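*Asks:* One structure follows; several queries about it will come next.
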Amino acid sequence: MGYKQITINMPTSKYGIKCPYSMVPECIVVHNTANDASARNEIKYMQSNNKEVSFHFAIDDKEVVQGISLIRNGWHAGDGANGKGNRTGVGIEICYSKSGGTRFIEAEKNAAAFIASLLDTYGWGIDRVKKHQDFSGKYCPHRTLDMGWDRFLKMVEGYRKGEEVKPEDYTKGGLRFVKCKNPRLVYLDADKKKITGRNGCNADFFGNYKRGKTTYTLPRGNLVCDMGSYQVPEDVRQDLDKHIGAGKLWYGCLDNAADSQFRNKSVTTLIIPKSGKPYVADTNMIPDNVKYAVSGVPCVRKGDDVDWHNYVNRQGWPADTVRNTYHNWLGVRDGEVWLITGQSKAKSGNMIYGMWFWDIVKDEGFDDILKLDGGGSYYCKIDGKVMPGSSGWRQINAYFAWD
Ligand SMILES: [Zn+2]
């Protein structure tokens with residue numbers, strides 16, 4: 001984090017159009033540019049045209065650029081010639097919001113840090129930080145609002161206290177990283193379209209299993225999850241009932257069907273204990289104090305890249321489980337669970353071989369990351385929005401959810 005602050009003076013000949021009134025600032029009005037230009041270019045364009053549109057600052061991933069003095073008004077809040085936003089608000093545009101990504105994330109951090117310094121300068125509280133939407137109803141700052149306004153205000157407050165607040169939802173290398181509060185696993189064995197709630201994704205690997213007239217699925221690897229409202233079909237009870245108790249399904253590699261490639265093997269598994277922090281272990285025995293467990297393809301172990309042949313493949317994973325398609329990963333960082341989601345665009349078909357995944361995550365500080373089932377089973381919903389994925393609507397076996 002860190003920005004350079006520069007000023008590009010408004011030509012006095014443009015005062016009548018861009019900043020006709022003197023101003024005593026009373027609040028900060030936050031905007032997103034809905035554009036992909038740098039802060040310098042936003043200010044230069046604003047000063048060069050003859051529209052009654054103007055703002056005090058544009059902020060990008062490198063610079064805070066001032067284009068109007070803080071004792072002149074700007075036209076940015078959409079609340080008219082005498083509106084509080086236009087006549088008393090310091091207009092701040094956060095750049096690169098159209099496409100988002102790392103440049104926007106960094107621009108937003110710089111904006112939060114700069115706003116914290118402005119609040120200190122004026123001796124204001126966080127209540128002075130307003131959004132464009134407060135004055136005219138326009139959905140602006142659009143991407144900041146999509147990602148959470150309270151989150152942004154918390155970032156500002158974090159900078160005031162001198163701490164840098166890590167974003168809880170960001171993108172890097174085409175993948176989205178989301179911190180998962182209250183993570184949980186629920187049994188489903190149903191069409192993935194039936195995932196309900198704000199946040200969730202498909203969870204485990206599984207195989208088809210036939211009992212009488214019923215075709216159903218059984219987990220592969222380790223799985224400990226809530227049964228939720230799932231009703232075990234009558235004719236498969238003898239297979240599943242012994243694994244169900246106290247509203248939970250307990251299923252381990254030792255229980256895996258004879259045709260499971262993981263039967264009796266120690267497979268990389270995310271373990272969320274009843275008390276204590278989540279961790280990742282290679283195991284075929286699920287410890288007693290486990291609340292949730294799910295196996296996946298190890299992609300990062302103990303903070304390091306994994307060796308495909310000697311480590312991943314030996315657990316029983318075939319190369320086509322990590323081919324170029326849509327995937328969900330679960331990562332553990334500082335004892336917290338993160339969802340990582342998106343499409344593999346590795347040059348080689350196996351995203352581990354070509355270091356594609358490692359190159360994206362190596363500086364992110366994860367202790368461990370494992371990959372859940374992908375491709376036709378891929379499904380991910382974040383804040384109520386379904387993420388782009390493969391067109392197949394496959395049955396899934398369990399899902400991962402968070403608040
Ligand atoms: Zn705006």
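Each chain of the structure tokens is named A, B, ... in the order shown, its residues numbered from 1; ligands are numbered from 1 in display order.
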Within 10 Å of ligand 1 (counting only C-alpha atoms and all ligand atoms), which residues show up? I'd like them as a PyMOL selection string.
*Replies:* chain A and resi 29-34+55+76-78+91-94+131-133+135-142
*Asks:* Write out as a VMD selection string the set of residues from segment 104-288 of chain A that DSSP, computed on the backbone, places in alpha helix (DSSP H).
*Replies:* chain A and resid 104 to 122 133 to 136 142 to 147 149 to 160 237 to 240
*Asks:* Take the residues that were just selected and, keeping C-alpha atoms, output them as a PDB file, in the first residue's frame.
*Replies:*
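Saved to selection07.pdb:
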ATOM      1  CA  PHE A 104      -9.407  -1.525  -8.574  1.00  0.00           C
ATOM      2  CA  ILE A 105      -8.719  -3.356  -5.302  1.00  0.00           C
ATOM      3  CA  GLU A 106      -5.505  -1.349  -4.880  1.00  0.00           C
ATOM      4  CA  ALA A 107      -7.243   1.897  -5.925  1.00  0.00           C
ATOM      5  CA  GLU A 108      -9.950   1.282  -3.344  1.00  0.00           C
ATOM      6  CA  LYS A 109      -7.329   0.675  -0.632  1.00  0.00           C
ATOM      7  CA  ASN A 110      -5.602   3.942  -1.562  1.00  0.00           C
ATOM      8  CA  ALA A 111      -8.963   5.744  -1.473  1.00  0.00           C
ATOM      9  CA  ALA A 112      -9.732   4.326   1.988  1.00  0.00           C
ATOM     10  CA  ALA A 113      -6.300   5.376   3.272  1.00  0.00           C
ATOM     11  CA  PHE A 114      -6.632   8.850   1.729  1.00  0.00           C
ATOM     12  CA  ILE A 115     -10.152   9.322   3.120  1.00  0.00           C
ATOM     13  CA  ALA A 116      -8.840   8.306   6.572  1.00  0.00           C
ATOM     14  CA  SER A 117      -6.229  11.075   6.294  1.00  0.00           C
ATOM     15  CA  LEU A 118      -8.906  13.619   5.214  1.00  0.00           C
ATOM     16  CA  LEU A 119     -11.083  12.663   8.213  1.00  0.00           C
ATOM     17  CA  ASP A 120      -8.070  13.264  10.461  1.00  0.00           C
ATOM     18  CA  THR A 121      -7.357  16.618   8.783  1.00  0.00           C
ATOM     19  CA  TYR A 122     -10.928  17.867   9.354  1.00  0.00           C
ATOM     20  CA  GLN A 133     -26.208   7.138  -3.862  1.00  0.00           C
ATOM     21  CA  ASP A 134     -27.053   9.048  -0.641  1.00  0.00           C
ATOM     22  CA  PHE A 135     -27.604  12.277  -2.628  1.00  0.00           C
ATOM     23  CA  SER A 136     -29.227  11.257  -5.903  1.00  0.00           C
ATOM     24  CA  HIS A 142     -21.183   0.659  -7.970  1.00  0.00           C
ATOM     25  CA  ARG A 143     -18.343  -1.808  -7.464  1.00  0.00           C
ATOM     26  CA  THR A 144     -17.620  -0.640  -3.917  1.00  0.00           C
ATOM     27  CA  LEU A 145     -21.335  -1.167  -3.150  1.00  0.00           C
ATOM     28  CA  ASP A 146     -21.287  -4.614  -4.817  1.00  0.00           C
ATOM     29  CA  MET A 147     -18.386  -5.595  -2.599  1.00  0.00           C
ATOM     30  CA  TRP A 149     -20.235  -0.473   1.729  1.00  0.00           C
ATOM     31  CA  ASP A 150     -19.761  -1.388   5.415  1.00  0.00           C
ATOM     32  CA  ARG A 151     -16.611  -3.276   4.392  1.00  0.00           C
ATOM     33  CA  PHE A 152     -15.288  -0.074   2.770  1.00  0.00           C
ATOM     34  CA  LEU A 153     -16.084   2.032   5.850  1.00  0.00           C
ATOM     35  CA  LYS A 154     -14.279  -0.567   7.989  1.00  0.00           C
ATOM     36  CA  MET A 155     -11.240  -0.229   5.717  1.00  0.00           C
ATOM     37  CA  VAL A 156     -11.291   3.559   6.268  1.00  0.00           C
ATOM     38  CA  GLU A 157     -11.546   3.097  10.027  1.00  0.00           C
ATOM     39  CA  GLY A 158      -8.747   0.526   9.913  1.00  0.00           C
ATOM     40  CA  TYR A 159      -6.446   3.040   8.221  1.00  0.00           C
ATOM     41  CA  ARG A 160      -7.344   5.669  10.836  1.00  0.00           C
ATOM     42  CA  ARG A 237     -30.615 -46.827   4.473  1.00  0.00           C
ATOM     43  CA  GLN A 238     -28.601 -49.986   5.062  1.00  0.00           C
ATOM     44  CA  ASP A 239     -25.688 -48.352   3.228  1.00  0.00           C
ATOM     45  CA  LEU A 240     -25.872 -44.915   4.807  1.00  0.00           C
TER      46      LEU A 240
END
*Asks:* From a DSSP pass on the backbone, collect the residues of segment 71-230 of chain A flagged as strand (DSSP E or B) and hand them back as an NGL selection string.
*Replies:* :A and (72 or 89-94 or 129-131 or 169-172 or 175-179 or 184-191 or 200-202 or 205-211 or 214-220 or 223-226)
*Asks:* List as a PyMOL selection string the protein and nucleic acid residues near segment 322-326 of chain A, meaning an atom at most 12 Å away when only C-alpha atoms are counted, but skip any in the same chain fewer than 2 places from it.
*Replies:* chain A and resi 174-176+201-202+296-299+308+312-313+317-320+328-329+340-357+370-380+387-392
*Asks:* Please identify all polymer residues within 9 Å of Phe400 of chain A, counting only C-alpha atoms, omitting same-chain residues fewer than 2 positions from it, and present them as a PyMOL selection string.
*Replies:* chain A and resi 183-186+199-204+398+402
*Asks:* Determine the nearest neighbour of Thr171 of chain A from the options A:Gly228, A:Val386, A:Thr102, A:Phe206, counting only C-alpha atoms.
*Replies:* A:Thr102
*Asks:* Which is closer to Trp393 of chain A than all the others in A:Lys193, A:Arg87, A:Lys62, A:Lys98, using only C-alpha atoms?
*Replies:* A:Lys193
*Asks:* Would you please work out which residue, of A:Leu249, A:Val53, A:Cys27, A:Ile71, is nearest to Asp127 of chain A when using only C-alpha atoms?
*Replies:*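 Smallest distance to Asp127 of chain A is found for A:Cys27.
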*Asks:* Considering only C-alpha atoms, state which residue in the set A:Tyr209, A:Trp338, A:Phe262, A:Phe366 is at the smallest distance from Arg314 of chain A.
*Replies:* A:Phe262
*Asks:* Could you jot down the atom CA of Met46 of chain A to atom CA of Tyr170 of chain A separation for me, Å, one decimal place?
*Replies:* 28.9 Å
*Asks:* Let me make sure I understand: among A:Ala257, A:Val224, A:Glu52, A:Ile271, which one has the smallest atom-to-atom distance to Ile244 of chain A if we use only C-alpha atoms?
*Replies:* A:Val224
*Asks:* Near Lys172 of chain A, within 9 Å and counting only C-alpha atoms, which residues show up once chain neighbours fewer than 6 positions away are dropped, as a PyMOL selection string?
*Replies:* chain A and resi 101-102+360-361
*Asks:* Measuring between only C-alpha atoms, which one of A:Pro25, A:Lys213, A:Arg333, A:Val65 shows the shortest distance to Gly123 of chain A?
*Replies:*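 Closest candidate: A:Pro25.
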